[in-house]
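Trainee: First the structure, which I've put down as structure tokens, then a few questions once you've had a look.
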Amino acid sequence: MKEVFVNIGEIQVLKQRGRLVAVGLGSCVGLILYDALAKVGGMAHVFLPTNKRGGANEHPGKFADTAILAMVEQMTSLGAQKRRLTAKMAGGSQLFSYGAPFMDVGRQNVEALQRELQAAGIPLAGSDVLGSRGRKLIFDVATGQVLVFVIGEDPVEL
Amino acid sequence: MTYDSKGNEFKLDMLKELGNIGAGHATTALSKLLGNKKLTLVVPEAVIVGMQESMRLCGGPESLVGATYIRVSGGLCGHMALLLPYESVQSLLGYLLGAAPQDLSDMELSTLQEVGNIVVTSYLNALADMTHTELYPSVPAVAVDMAAAVWSSILAGAEVADYITIVQTAFQTDAEIIDGTIAFIPDEEDLSKLLDALGMGEL
Amino acid sequence: MTAMANTILVVDDTAFMRMMIKNVVQKHGYQVIGEAGDGEEAIAKYKELHPDLVTMDITMPKLDGISAIKAIVEYDPQAKIIVCSAMGQKNMVIEALKSGAKDFLVKPFEADRVIEALQKAVG
């Protein structure tokens with residue numbers, strides 16, 4: 001089966017079959033959008049809430065406030081319809097303990113994506129976010145199945 | 001990129017040298033902690049890489065690592081990390097606490113935190129000395145998890161741009177299985193200050 | 001005549017380092033009467049316990065060691081504080097000594113050096 005790895009800042013979309021995989025989600029969030037009828041699925045590996053540095057943004061998938069629009073565009077060009085899209089997401093954890101108040105990026109990513117999804121009118125059908133563990137996310141576009149893996153634990157289906 | 005390729009080459013050479021000296025002090029400190037075990041530095045590197053490429057520095061993306069992260073402020077702002085494969089974390093804790101731990105409780109994490117503190121701060125002491133600045137380490141943060149998750153969280157905390165300047169030095173012990181990497185990510189804006197401090201600002 | 005053991009307050013943000021220092025000083029007959037994990041706690045514990053000696057870390061959450069030294073010395077000009085920190089940059093050492101620390105040990109330190117510094121401080 002075709003397996004596409006979604007690296008940090010990337011957006012990948014597939015139609016009919018194949019798996020989208022995001023490895024090593026710490027404070028990053030893997031955002032999944034799915035049109036179950038057209039069997040078009042997409043995944044973004046979101047790094048930060050927004051592009052604070054400014055300047056040209058060649059990677060819309062990198063930021064929570066640009067990822068959704070860009071992914072919807074790519075998906076509709078494959079036959080998805082925006083009104084049928086549902087979302088799932090995993091990640092946004094705070095891996096580091098002790099003296100790291102500045103490392104709250106995970107929570108900020110999750111909250112930013114929740115806001116953006118609401119603004120786009122896309123319902124959130126499932127999520128496994130926050131906490132203190134790293135995650136791996138696998139999304140089967142043919143079945144819509146989403147699995148979240150944590151080291152040393154059984155996978156959880158979203 | 002602020003510098004042309006010639007400038008970049010000089011910049012990276014200089015950073016590599018700084019990394020070498022910083023890591024030399026850092027591993028001397030680690031060696032002392034480990035009862036004067038011999039530590040070897042392996043090829044210091046200074047590179048400008050994309051985020052995805054930087055992932056290779058931390059080994060297999062899904063392998064388990066222990067990491068200490070320290071934010072650096074003062075004359076040269078940036079980010080430092082000590083990354084240890086899990087086997088090394090276990091040998092290290094085994095040596096310092098007397099028994100290899102089954103799982104990591106507060107005492108184990110605190111030990112990893114202090115080792116990271118001593119190693120990274122020793123690196124910064126050498127760097128401060130060379131560049132005639134003061135470098136202040138933050139309280140260290142600690143994580144043990146998938147390498148890619150840990151490293152990307154550090155990059156996110158650092159809010160890095162698409163291309164990252166990284167100075168990294170790998171080290172290993174001869175007999176025991178303790179190896180690891182010390183990584184330094186200077187803030188781009190501060191790099192020119194560093195060049196100035198070393199009298200290389202015109203490059 | 002049996003001398004009373006000198007009492008020590010151990011200040012460091014990591015439990016591991018507090019344990020290391022405790023092990024070293026207890027072996028040499030000092031009595032650890034308190035521990036603190038940050039500068040604020042150090043000041044409070046000092047006022048509560050009045051230890052003969054303090055070992056003080058620099059880089060700590062809430063309040064750093066230099067600020068804690070200043071506050072403790074202001075409260076008790078006779079306070080005997082030895083810094084134990086990895087942060088061995090020249091200006092930091094000078095600032096710590098100017099603030100009233102009696103000695104400055106750079107981590108990782110040898111056990112002998114700790115004892116030597118403590119002995120010198122109590123005179």
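Within each chain, counting starts at residue 1; across the structure tokens, chains are named A, B, ... in the order shown, with ligands numbered 1 upward in that order.
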Any idea which chain C residues end up within 12 Å of chain B if we count only C-alpha atoms, as a PyMOL selection string please?
Mentor: chain C and resi 12-20+37-38+57-65+84-93+106-111
Trainee: How about saving the chosen residues, N, CA, C and O atoms kept, as a CSV table (one decimal), in the first residue's frame?
Mentor:
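Contents of result-v7.csv, as written:
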chain,number,residue,atom,x,y,z
C,12,ASP,N,19.8,23.7,45.6
C,12,ASP,CA,20.0,23.3,44.2
C,12,ASP,C,18.7,22.9,43.6
C,12,ASP,O,17.8,22.3,44.3
C,13,ASP,N,18.4,23.3,42.3
C,13,ASP,CA,17.1,23.0,41.7
C,13,ASP,C,17.0,21.5,41.4
C,13,ASP,O,15.9,21.0,41.2
C,14,THR,N,18.1,20.7,41.3
C,14,THR,CA,17.9,19.3,41.0
C,14,THR,C,18.1,18.5,42.2
C,14,THR,O,19.0,18.6,43.0
C,15,ALA,N,17.1,17.5,42.4
C,15,ALA,CA,17.2,16.6,43.5
C,15,ALA,C,18.5,15.8,43.5
C,15,ALA,O,19.0,15.5,44.5
C,16,PHE,N,18.9,15.5,42.3
C,16,PHE,CA,20.1,14.7,42.1
C,16,PHE,C,21.3,15.4,42.7
C,16,PHE,O,22.1,14.8,43.5
C,17,MET,N,21.5,16.7,42.4
C,17,MET,CA,22.7,17.4,42.9
C,17,MET,C,22.6,17.6,44.4
C,17,MET,O,23.6,17.6,45.1
C,18,ARG,N,21.3,17.8,44.9
C,18,ARG,CA,21.2,18.0,46.4
C,18,ARG,C,21.6,16.7,47.1
C,18,ARG,O,22.3,16.7,48.1
C,19,MET,N,21.3,15.5,46.4
C,19,MET,CA,21.7,14.2,47.0
C,19,MET,C,23.2,14.1,47.0
C,19,MET,O,23.8,13.6,48.0
C,20,MET,N,23.8,14.5,45.9
C,20,MET,CA,25.3,14.4,45.7
C,20,MET,C,26.0,15.2,46.8
C,20,MET,O,26.9,14.7,47.5
C,37,GLY,N,14.9,24.2,46.6
C,37,GLY,CA,15.0,23.9,45.2
C,37,GLY,C,15.0,25.2,44.3
C,37,GLY,O,15.1,25.1,43.1
C,38,ASP,N,14.9,26.3,45.0
C,38,ASP,CA,15.0,27.6,44.2
C,38,ASP,C,15.4,28.7,45.2
C,38,ASP,O,15.4,28.5,46.4
C,57,ASP,N,23.3,27.0,44.5
C,57,ASP,CA,23.3,26.9,43.0
C,57,ASP,C,23.0,28.3,42.4
C,57,ASP,O,22.5,29.2,43.2
C,58,ILE,N,23.3,28.5,41.2
C,58,ILE,CA,23.0,29.8,40.6
C,58,ILE,C,21.7,29.8,39.7
C,58,ILE,O,20.8,30.5,39.9
C,59,THR,N,21.8,28.9,38.7
C,59,THR,CA,20.7,28.8,37.7
C,59,THR,C,19.5,28.0,38.3
C,59,THR,O,19.6,26.8,38.4
C,60,MET,N,18.5,28.7,38.8
C,60,MET,CA,17.4,28.0,39.4
C,60,MET,C,16.1,28.7,39.0
C,60,MET,O,16.1,29.9,38.7
C,61,PRO,N,14.9,28.0,39.1
C,61,PRO,CA,13.7,28.7,38.8
C,61,PRO,C,13.3,29.7,39.9
C,61,PRO,O,13.8,29.6,41.0
C,62,LYS,N,12.3,30.5,39.6
C,62,LYS,CA,11.7,31.5,40.5
C,62,LYS,C,12.7,32.6,40.8
C,62,LYS,O,12.4,33.7,40.5
C,63,LEU,N,13.7,32.2,41.6
C,63,LEU,CA,14.7,33.3,41.9
C,63,LEU,C,16.1,32.6,41.8
C,63,LEU,O,16.4,31.6,42.4
C,64,ASP,N,17.0,33.3,41.1
C,64,ASP,CA,18.4,32.7,40.9
C,64,ASP,C,19.2,32.9,42.2
C,64,ASP,O,18.9,33.6,43.1
C,65,GLY,N,20.3,32.2,42.2
C,65,GLY,CA,21.2,32.1,43.3
C,65,GLY,C,21.8,33.4,43.7
C,65,GLY,O,22.0,33.7,44.9
C,84,CYS,N,27.8,26.5,44.5
C,84,CYS,CA,28.2,25.3,43.7
C,84,CYS,C,27.4,25.4,42.4
C,84,CYS,O,26.2,25.1,42.4
C,85,SER,N,28.0,25.8,41.3
C,85,SER,CA,27.2,26.0,40.1
C,85,SER,C,28.1,25.6,38.9
C,85,SER,O,29.3,25.7,39.0
C,86,ALA,N,27.4,25.2,37.8
C,86,ALA,CA,28.2,24.9,36.6
C,86,ALA,C,28.6,26.2,35.9
C,86,ALA,O,29.4,26.3,35.0
C,87,MET,N,27.9,27.3,36.2
C,87,MET,CA,28.0,28.6,35.6
C,87,MET,C,29.3,29.3,36.1
C,87,MET,O,29.2,30.2,36.9
C,88,GLY,N,30.4,28.9,35.5
C,88,GLY,CA,31.7,29.4,36.0
C,88,GLY,C,32.3,30.5,35.3
C,88,GLY,O,33.5,30.7,35.2
C,89,GLN,N,31.5,31.3,34.6
C,89,GLN,CA,32.0,32.5,33.8
C,89,GLN,C,32.5,33.5,34.8
C,89,GLN,O,31.9,33.8,35.8
C,90,LYS,N,33.6,34.2,34.4
C,90,LYS,CA,34.4,35.1,35.3
C,90,LYS,C,33.4,36.1,36.0
C,90,LYS,O,33.5,36.3,37.2
C,91,ASN,N,32.6,36.8,35.2
C,91,ASN,CA,31.8,37.8,35.7
C,91,ASN,C,30.8,37.3,36.7
C,91,ASN,O,30.5,38.0,37.7
C,92,MET,N,30.3,36.1,36.5
C,92,MET,CA,29.4,35.5,37.4
C,92,MET,C,30.1,35.2,38.8
C,92,MET,O,29.5,35.4,39.8
C,93,VAL,N,31.3,34.7,38.7
C,93,VAL,CA,32.1,34.4,39.9
C,93,VAL,C,32.3,35.7,40.7
C,93,VAL,O,32.1,35.7,41.9
C,106,VAL,N,33.0,25.3,40.8
C,106,VAL,CA,32.3,25.1,39.5
C,106,VAL,C,32.1,23.6,39.3
C,106,VAL,O,33.0,22.8,39.5
C,107,LYS,N,30.8,23.3,39.0
C,107,LYS,CA,30.4,21.9,38.8
C,107,LYS,C,31.0,21.4,37.5
C,107,LYS,O,31.0,22.2,36.5
C,108,PRO,N,31.4,20.2,37.3
C,108,PRO,CA,31.4,19.1,38.3
C,108,PRO,C,32.6,19.3,39.3
C,108,PRO,O,33.7,19.5,38.8
C,109,PHE,N,32.3,19.2,40.6
C,109,PHE,CA,33.4,19.5,41.5
C,109,PHE,C,33.8,18.2,42.2
C,109,PHE,O,33.1,17.2,42.2
C,110,GLU,N,35.1,18.2,42.7
C,110,GLU,CA,35.6,17.1,43.5
C,110,GLU,C,35.1,17.2,44.9
C,110,GLU,O,35.0,18.3,45.4
C,111,ALA,N,34.8,16.1,45.5
C,111,ALA,CA,34.3,16.1,46.9
C,111,ALA,C,35.3,16.8,47.8
C,111,ALA,O,34.8,17.6,48.7
Trainee: Using only C-alpha atoms, select each residue of chain A with any atom at most 8 Å away from an atom of chain B, and give the selection as a short mmCIF file (atom, residue, chain, number, x, y, z; two decimals) with N, CA, C and O atoms, in the first residue's frame.
Mentor:
data_model
loop_
_atom_site.label_atom_id
_atom_site.label_comp_id
_atom_site.auth_asym_id
_atom_site.auth_seq_id
_atom_site.Cartn_x
_atom_site.Cartn_y
_atom_site.Cartn_z
N ASN A 7 6.11 15.26 6.34
CA ASN A 7 7.17 15.87 7.14
C ASN A 7 6.70 17.20 7.73
O ASN A 7 5.68 17.75 7.32
N ILE A 8 7.51 17.72 8.67
CA ILE A 8 7.14 18.98 9.34
C ILE A 8 6.87 20.08 8.31
O ILE A 8 7.64 20.31 7.40
N VAL A 23 5.29 11.17 11.67
CA VAL A 23 6.13 10.56 12.72
C VAL A 23 6.67 11.67 13.63
O VAL A 23 6.95 12.77 13.17
N GLY A 24 6.79 11.34 14.89
CA GLY A 24 7.47 12.26 15.81
C GLY A 24 6.71 13.53 16.09
O GLY A 24 7.28 14.61 16.08
N LEU A 25 5.42 13.41 16.35
CA LEU A 25 4.65 14.58 16.74
C LEU A 25 4.90 14.86 18.22
O LEU A 25 4.54 14.06 19.08
N GLY A 26 5.56 15.97 18.50
CA GLY A 26 5.75 16.40 19.88
C GLY A 26 4.81 17.56 20.10
O GLY A 26 3.60 17.37 20.28
N SER A 27 5.37 18.78 20.05
CA SER A 27 4.49 19.94 20.12
C SER A 27 3.75 20.17 18.80
O SER A 27 2.76 20.88 18.74
N CYS A 28 4.26 19.54 17.72
CA CYS A 28 3.57 19.63 16.43
C CYS A 28 2.22 18.91 16.50
O CYS A 28 2.03 18.02 17.32
N PHE A 47 3.53 23.06 12.69
CA PHE A 47 4.71 23.31 13.52
C PHE A 47 4.46 24.41 14.56
O PHE A 47 4.83 24.28 15.72
N LEU A 48 3.87 25.51 14.11
CA LEU A 48 3.64 26.66 14.99
C LEU A 48 2.25 27.26 14.71
O LEU A 48 1.70 27.06 13.63
N ARG A 53 7.56 35.33 12.33
CA ARG A 53 8.72 35.96 11.71
C ARG A 53 8.33 36.83 10.52
O ARG A 53 9.11 37.66 10.07
N LEU A 95 6.45 17.81 25.86
CA LEU A 95 7.32 16.69 26.23
C LEU A 95 8.25 17.04 27.38
O LEU A 95 8.63 16.18 28.16
N PHE A 96 8.63 18.31 27.44
CA PHE A 96 9.67 18.70 28.39
C PHE A 96 9.09 19.05 29.75
O PHE A 96 8.08 19.74 29.85
N SER A 97 9.74 18.55 30.79
CA SER A 97 9.34 18.96 32.13
C SER A 97 10.45 19.81 32.74
O SER A 97 11.57 19.81 32.25
N TYR A 98 10.13 20.51 33.77
CA TYR A 98 11.02 21.45 34.50
C TYR A 98 11.27 22.72 33.71
O TYR A 98 11.62 22.68 32.54
N GLY A 99 11.15 23.82 34.41
CA GLY A 99 11.60 25.12 33.95
C GLY A 99 11.45 25.43 32.47
O GLY A 99 12.35 25.98 31.87
N ALA A 100 10.33 25.08 31.87
CA ALA A 100 10.19 25.38 30.45
C ALA A 100 8.84 26.01 30.15
O ALA A 100 8.10 25.52 29.32
N PHE A 102 8.35 28.46 28.50
CA PHE A 102 8.39 28.96 27.13
C PHE A 102 8.14 27.85 26.11
O PHE A 102 8.18 28.08 24.92
N MET A 103 7.93 26.64 26.60
CA MET A 103 7.74 25.55 25.65
C MET A 103 6.28 25.10 25.60
O MET A 103 5.98 23.93 25.50
N ASP A 104 5.38 26.05 25.63
CA ASP A 104 3.96 25.74 25.63
C ASP A 104 3.40 25.74 24.20
O ASP A 104 2.22 25.93 23.99
N VAL A 105 4.27 25.52 23.23
CA VAL A 105 3.88 25.61 21.83
C VAL A 105 2.77 24.60 21.47
O VAL A 105 1.86 24.91 20.71
N ARG A 133 3.38 13.07 25.93
CA ARG A 133 4.03 12.02 25.16
C ARG A 133 4.08 12.34 23.67
O ARG A 133 3.20 13.00 23.13
N GLY A 134 5.15 11.84 23.01
CA GLY A 134 5.26 11.99 21.57
C GLY A 134 4.32 11.01 20.87
O GLY A 134 4.01 9.94 21.41
N ARG A 135 3.86 11.38 19.67
CA ARG A 135 2.90 10.53 18.97
C ARG A 135 3.29 10.29 17.52
O ARG A 135 3.99 11.09 16.91
N ILE A 151 4.95 5.50 22.25
CA ILE A 151 5.93 4.46 22.61
C ILE A 151 5.48 3.68 23.84
O ILE A 151 5.10 4.26 24.86
#
Trainee: What separation in Å, quoted to one decimal, exists between atom CA of C:Ile66 and atom CA of C:Leu49?
Mentor: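 Between atom CA of C:Ile66 and atom CA of C:Leu49 the gap is 19.9 Å.
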Trainee: Enumerate as a PyMOL selection string all residues of stretch 74-193 of chain B assigned to strand (DSSP E or B) by DSSP on the backbone, naming them with the chain letters and numbers the document uses.
Mentor: chain B and resi 74+78-85+135-137+141-146+163-173+179-186
Trainee: Could the residues in this selection be written to a file with N, CA and C atoms, as an mmCIF file, in the first residue's frame?
Mentor:
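And here's result22.cif as it stands now:
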data_model
loop_
_atom_site.group_PDB
_atom_site.id
_atom_site.type_symbol
_atom_site.label_atom_id
_atom_site.label_comp_id
_atom_site.auth_asym_id
_atom_site.auth_seq_id
_atom_site.Cartn_x
_atom_site.Cartn_y
_atom_site.Cartn_z
ATOM 1 N N GLY B 74 21.992 36.423 26.818
ATOM 2 C CA GLY B 74 23.226 37.162 27.065
ATOM 3 C C GLY B 74 23.810 37.626 25.753
ATOM 4 N N GLY B 78 20.462 31.833 21.891
ATOM 5 C CA GLY B 78 20.304 30.622 21.105
ATOM 6 C C GLY B 78 19.745 29.491 21.935
ATOM 7 N N HIS B 79 19.966 28.299 21.465
ATOM 8 C CA HIS B 79 19.360 27.126 22.069
ATOM 9 C C HIS B 79 20.374 26.001 22.091
ATOM 10 N N MET B 80 20.420 25.275 23.213
ATOM 11 C CA MET B 80 21.356 24.165 23.291
ATOM 12 C C MET B 80 20.655 22.912 23.767
ATOM 13 N N ALA B 81 21.108 21.788 23.252
ATOM 14 C CA ALA B 81 20.524 20.524 23.680
ATOM 15 C C ALA B 81 21.601 19.470 23.819
ATOM 16 N N LEU B 82 21.415 18.616 24.803
ATOM 17 C CA LEU B 82 22.222 17.404 24.929
ATOM 18 C C LEU B 82 21.281 16.250 24.619
ATOM 19 N N LEU B 83 21.621 15.487 23.569
ATOM 20 C CA LEU B 83 20.760 14.378 23.142
ATOM 21 C C LEU B 83 21.472 13.053 23.377
ATOM 22 N N LEU B 84 20.816 12.157 24.089
ATOM 23 C CA LEU B 84 21.420 10.861 24.393
ATOM 24 C C LEU B 84 20.474 9.736 23.978
ATOM 25 N N PRO B 85 20.990 8.748 23.232
ATOM 26 C CA PRO B 85 20.155 7.579 22.955
ATOM 27 C C PRO B 85 19.750 6.924 24.281
ATOM 28 N N LEU B 135 27.198 34.424 28.810
ATOM 29 C CA LEU B 135 26.129 33.590 28.277
ATOM 30 C C LEU B 135 25.395 32.943 29.442
ATOM 31 N N TYR B 136 24.105 33.207 29.517
ATOM 32 C CA TYR B 136 23.333 32.700 30.643
ATOM 33 C C TYR B 136 22.448 31.531 30.220
ATOM 34 N N PRO B 137 22.649 30.374 30.857
ATOM 35 C CA PRO B 137 21.775 29.244 30.552
ATOM 36 C C PRO B 137 20.465 29.355 31.334
ATOM 37 N N ALA B 141 15.346 22.000 30.702
ATOM 38 C CA ALA B 141 14.125 21.211 30.560
ATOM 39 C C ALA B 141 14.528 19.810 30.097
ATOM 40 N N VAL B 142 13.775 18.809 30.499
ATOM 41 C CA VAL B 142 14.139 17.423 30.205
ATOM 42 C C VAL B 142 12.994 16.666 29.549
ATOM 43 N N ALA B 143 13.334 15.819 28.581
ATOM 44 C CA ALA B 143 12.321 14.960 27.976
ATOM 45 C C ALA B 143 12.937 13.628 27.590
ATOM 46 N N VAL B 144 12.152 12.575 27.696
ATOM 47 C CA VAL B 144 12.565 11.268 27.195
ATOM 48 C C VAL B 144 11.424 10.758 26.317
ATOM 49 N N ASP B 145 11.672 10.676 25.019
ATOM 50 C CA ASP B 145 10.597 10.253 24.105
ATOM 51 C C ASP B 145 11.177 9.980 22.716
ATOM 52 N N MET B 146 10.282 9.845 21.707
ATOM 53 C CA MET B 146 10.714 9.630 20.324
ATOM 54 C C MET B 146 11.633 10.772 19.890
ATOM 55 N N TYR B 163 15.452 27.457 7.417
ATOM 56 C CA TYR B 163 16.834 26.984 7.463
ATOM 57 C C TYR B 163 17.464 27.286 8.817
ATOM 58 N N ILE B 164 18.179 26.322 9.339
ATOM 59 C CA ILE B 164 18.686 26.417 10.698
ATOM 60 C C ILE B 164 20.198 26.241 10.697
ATOM 61 N N THR B 165 20.887 27.116 11.414
ATOM 62 C CA THR B 165 22.321 26.926 11.608
ATOM 63 C C THR B 165 22.521 26.095 12.863
ATOM 64 N N ILE B 166 23.156 24.955 12.702
ATOM 65 C CA ILE B 166 23.354 24.064 13.849
ATOM 66 C C ILE B 166 24.830 23.721 13.995
ATOM 67 N N VAL B 167 25.326 23.858 15.205
ATOM 68 C CA VAL B 167 26.679 23.412 15.508
ATOM 69 C C VAL B 167 26.515 22.165 16.362
ATOM 70 N N GLN B 168 26.994 21.041 15.884
ATOM 71 C CA GLN B 168 26.784 19.840 16.677
ATOM 72 C C GLN B 168 28.043 18.993 16.762
ATOM 73 N N THR B 169 28.208 18.398 17.917
ATOM 74 C CA THR B 169 29.368 17.556 18.151
ATOM 75 C C THR B 169 28.902 16.250 18.773
ATOM 76 N N ALA B 170 29.274 15.170 18.137
ATOM 77 C CA ALA B 170 28.965 13.860 18.715
ATOM 78 C C ALA B 170 30.141 13.430 19.576
ATOM 79 N N PHE B 171 29.843 12.644 20.609
ATOM 80 C CA PHE B 171 30.929 12.140 21.452
ATOM 81 C C PHE B 171 30.615 10.701 21.829
ATOM 82 N N GLN B 172 31.638 9.971 22.225
ATOM 83 C CA GLN B 172 31.415 8.612 22.715
ATOM 84 C C GLN B 172 32.486 8.211 23.699
ATOM 85 N N THR B 173 32.153 7.268 24.557
ATOM 86 C CA THR B 173 33.148 6.731 25.469
ATOM 87 C C THR B 173 33.743 5.493 24.831
ATOM 88 N N ASP B 179 27.099 7.406 24.412
ATOM 89 C CA ASP B 179 27.399 8.342 23.344
ATOM 90 C C ASP B 179 26.257 9.337 23.255
ATOM 91 N N GLY B 180 26.468 10.378 22.489
ATOM 92 C CA GLY B 180 25.438 11.400 22.422
ATOM 93 C C GLY B 180 25.864 12.559 21.550
ATOM 94 N N THR B 181 25.021 13.577 21.509
ATOM 95 C CA THR B 181 25.268 14.739 20.671
ATOM 96 C C THR B 181 24.975 16.009 21.454
ATOM 97 N N ILE B 182 25.855 16.975 21.294
ATOM 98 C CA ILE B 182 25.595 18.302 21.842
ATOM 99 C C ILE B 182 25.275 19.213 20.666
ATOM 100 N N ALA B 183 24.109 19.827 20.695
ATOM 101 C CA ALA B 183 23.698 20.682 19.582
ATOM 102 C C ALA B 183 23.525 22.117 20.054
ATOM 103 N N PHE B 184 23.980 23.037 19.236
ATOM 104 C CA PHE B 184 23.861 24.465 19.533
ATOM 105 C C PHE B 184 23.206 25.150 18.342
ATOM 106 N N ILE B 185 22.106 25.830 18.586
ATOM 107 C CA ILE B 185 21.420 26.581 17.525
ATOM 108 C C ILE B 185 21.477 28.058 17.888
ATOM 109 N N PRO B 186 22.461 28.800 17.345
ATOM 110 C CA PRO B 186 22.512 30.232 17.655
ATOM 111 C C PRO B 186 21.392 30.961 16.916
#
Trainee: From a DSSP pass on the backbone, collect the residues of chain B flagged as helix (DSSP H, G or I) and hand them back as a PyMOL selection string.
Mentor: chain B and resi 5-33+51-58+86-97+106-131+147-158+188-197
Trainee: Once you have the residues from the selection above, write them out as a CSV table (one decimal), in the first residue's frame, restricted to C-alpha atoms.
Mentor:
chain,number,residue,atom,x,y,z
B,5,SER,CA,28.5,31.6,0.3
B,6,LYS,CA,32.1,32.6,0.9
B,7,GLY,CA,30.9,34.4,4.1
B,8,ASN,CA,28.9,31.3,5.0
B,9,GLU,CA,31.8,29.1,4.6
B,10,PHE,CA,33.9,31.2,7.0
B,11,LYS,CA,31.0,31.5,9.4
B,12,LEU,CA,30.5,27.7,9.5
B,13,ASP,CA,34.3,27.1,9.8
B,14,MET,CA,34.4,29.5,12.8
B,15,LEU,CA,31.3,27.9,14.4
B,16,LYS,CA,32.8,24.5,13.9
B,17,GLU,CA,35.9,25.6,15.8
B,18,LEU,CA,33.8,27.2,18.5
B,19,GLY,CA,31.8,24.0,18.7
B,20,ASN,CA,34.9,22.0,19.0
B,21,ILE,CA,36.2,24.0,21.9
B,22,GLY,CA,32.8,24.2,23.6
B,23,ALA,CA,32.2,20.5,23.3
B,24,GLY,CA,35.8,19.8,24.4
B,25,HIS,CA,35.0,21.6,27.7
B,26,ALA,CA,31.6,20.0,27.9
B,27,THR,CA,32.9,16.4,27.5
B,28,THR,CA,35.7,17.1,30.0
B,29,ALA,CA,32.9,18.0,32.5
B,30,LEU,CA,31.0,14.9,31.6
B,31,SER,CA,34.1,12.7,31.9
B,32,LYS,CA,34.7,14.1,35.3
B,33,LEU,CA,31.1,13.3,36.3
B,51,MET,CA,14.2,21.4,9.3
B,52,GLN,CA,13.7,17.9,7.9
B,53,GLU,CA,17.4,17.4,7.3
B,54,SER,CA,18.2,18.5,10.8
B,55,MET,CA,16.2,15.5,12.0
B,56,ARG,CA,19.0,13.1,11.1
B,57,LEU,CA,21.1,14.7,13.9
B,58,CYS,CA,19.0,13.0,16.5
B,86,TYR,CA,18.1,5.7,25.6
B,87,GLU,CA,20.8,3.1,26.1
B,88,SER,CA,23.2,5.9,27.0
B,89,VAL,CA,20.6,7.4,29.4
B,90,GLN,CA,20.5,4.0,31.1
B,91,SER,CA,24.2,3.6,31.3
B,92,LEU,CA,24.6,7.1,32.6
B,93,LEU,CA,21.9,6.8,35.3
B,94,GLY,CA,23.3,3.4,36.1
B,95,TYR,CA,26.7,4.9,36.8
B,96,LEU,CA,25.5,7.9,38.7
B,97,LEU,CA,22.7,6.4,40.7
B,106,ASP,CA,11.7,12.2,39.3
B,107,MET,CA,15.2,11.3,40.6
B,108,GLU,CA,16.2,9.9,37.2
B,109,LEU,CA,14.9,12.9,35.3
B,110,SER,CA,16.5,15.2,37.8
B,111,THR,CA,19.8,13.4,37.3
B,112,LEU,CA,19.5,13.8,33.5
B,113,GLN,CA,18.6,17.4,34.0
B,114,GLU,CA,21.7,18.1,36.1
B,115,VAL,CA,24.0,16.2,33.7
B,116,GLY,CA,22.6,18.3,30.8
B,117,ASN,CA,23.0,21.4,32.9
B,118,ILE,CA,26.7,20.7,33.7
B,119,VAL,CA,27.5,19.6,30.1
B,120,VAL,CA,25.8,22.5,28.4
B,121,THR,CA,26.9,25.2,30.9
B,122,SER,CA,30.5,24.0,30.6
B,123,TYR,CA,30.2,24.4,26.8
B,124,LEU,CA,28.8,27.9,27.3
B,125,ASN,CA,31.5,28.8,29.8
B,126,ALA,CA,34.2,28.1,27.1
B,127,LEU,CA,32.2,30.0,24.5
B,128,ALA,CA,31.8,33.0,26.7
B,129,ASP,CA,35.5,33.0,27.5
B,130,MET,CA,36.4,32.9,23.8
B,131,THR,CA,33.9,35.5,22.7
B,147,ALA,CA,13.7,11.4,18.9
B,148,ALA,CA,11.8,13.3,16.2
B,149,ALA,CA,9.1,14.4,18.7
B,150,VAL,CA,11.8,15.7,21.1
B,151,TRP,CA,13.9,17.4,18.4
B,152,SER,CA,10.9,19.0,16.7
B,153,SER,CA,9.6,20.3,20.0
B,154,ILE,CA,13.0,22.0,20.6
B,155,LEU,CA,12.9,23.6,17.1
B,156,ALA,CA,9.3,24.8,17.8
B,157,GLY,CA,10.4,26.2,21.2
B,158,ALA,CA,13.2,28.0,19.3
B,188,GLU,CA,20.5,34.1,13.3
B,189,GLU,CA,20.2,37.7,14.4
B,190,ASP,CA,23.0,37.2,17.0
B,191,LEU,CA,25.4,35.4,14.7
B,192,SER,CA,26.8,38.6,13.3
B,193,LYS,CA,27.4,39.8,16.8
B,194,LEU,CA,29.4,36.7,17.4
B,195,LEU,CA,31.4,37.3,14.3
B,196,ASP,CA,32.1,40.8,15.5
B,197,ALA,CA,33.2,39.6,18.9
Trainee: Calculate how many Å separate atom CA of C:Val54 from atom CA of C:Lys80, rounding to one decimal.
Mentor: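 Rounded to one decimal, the two atoms are 6.3 Å apart.
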Trainee: Quick one: residues within 12 Å of stretch 10-12 of chain A, only C-alpha atoms counted, chain neighbours fewer than 4 positions away excluded, as a count of residues only?
Mentor: 46
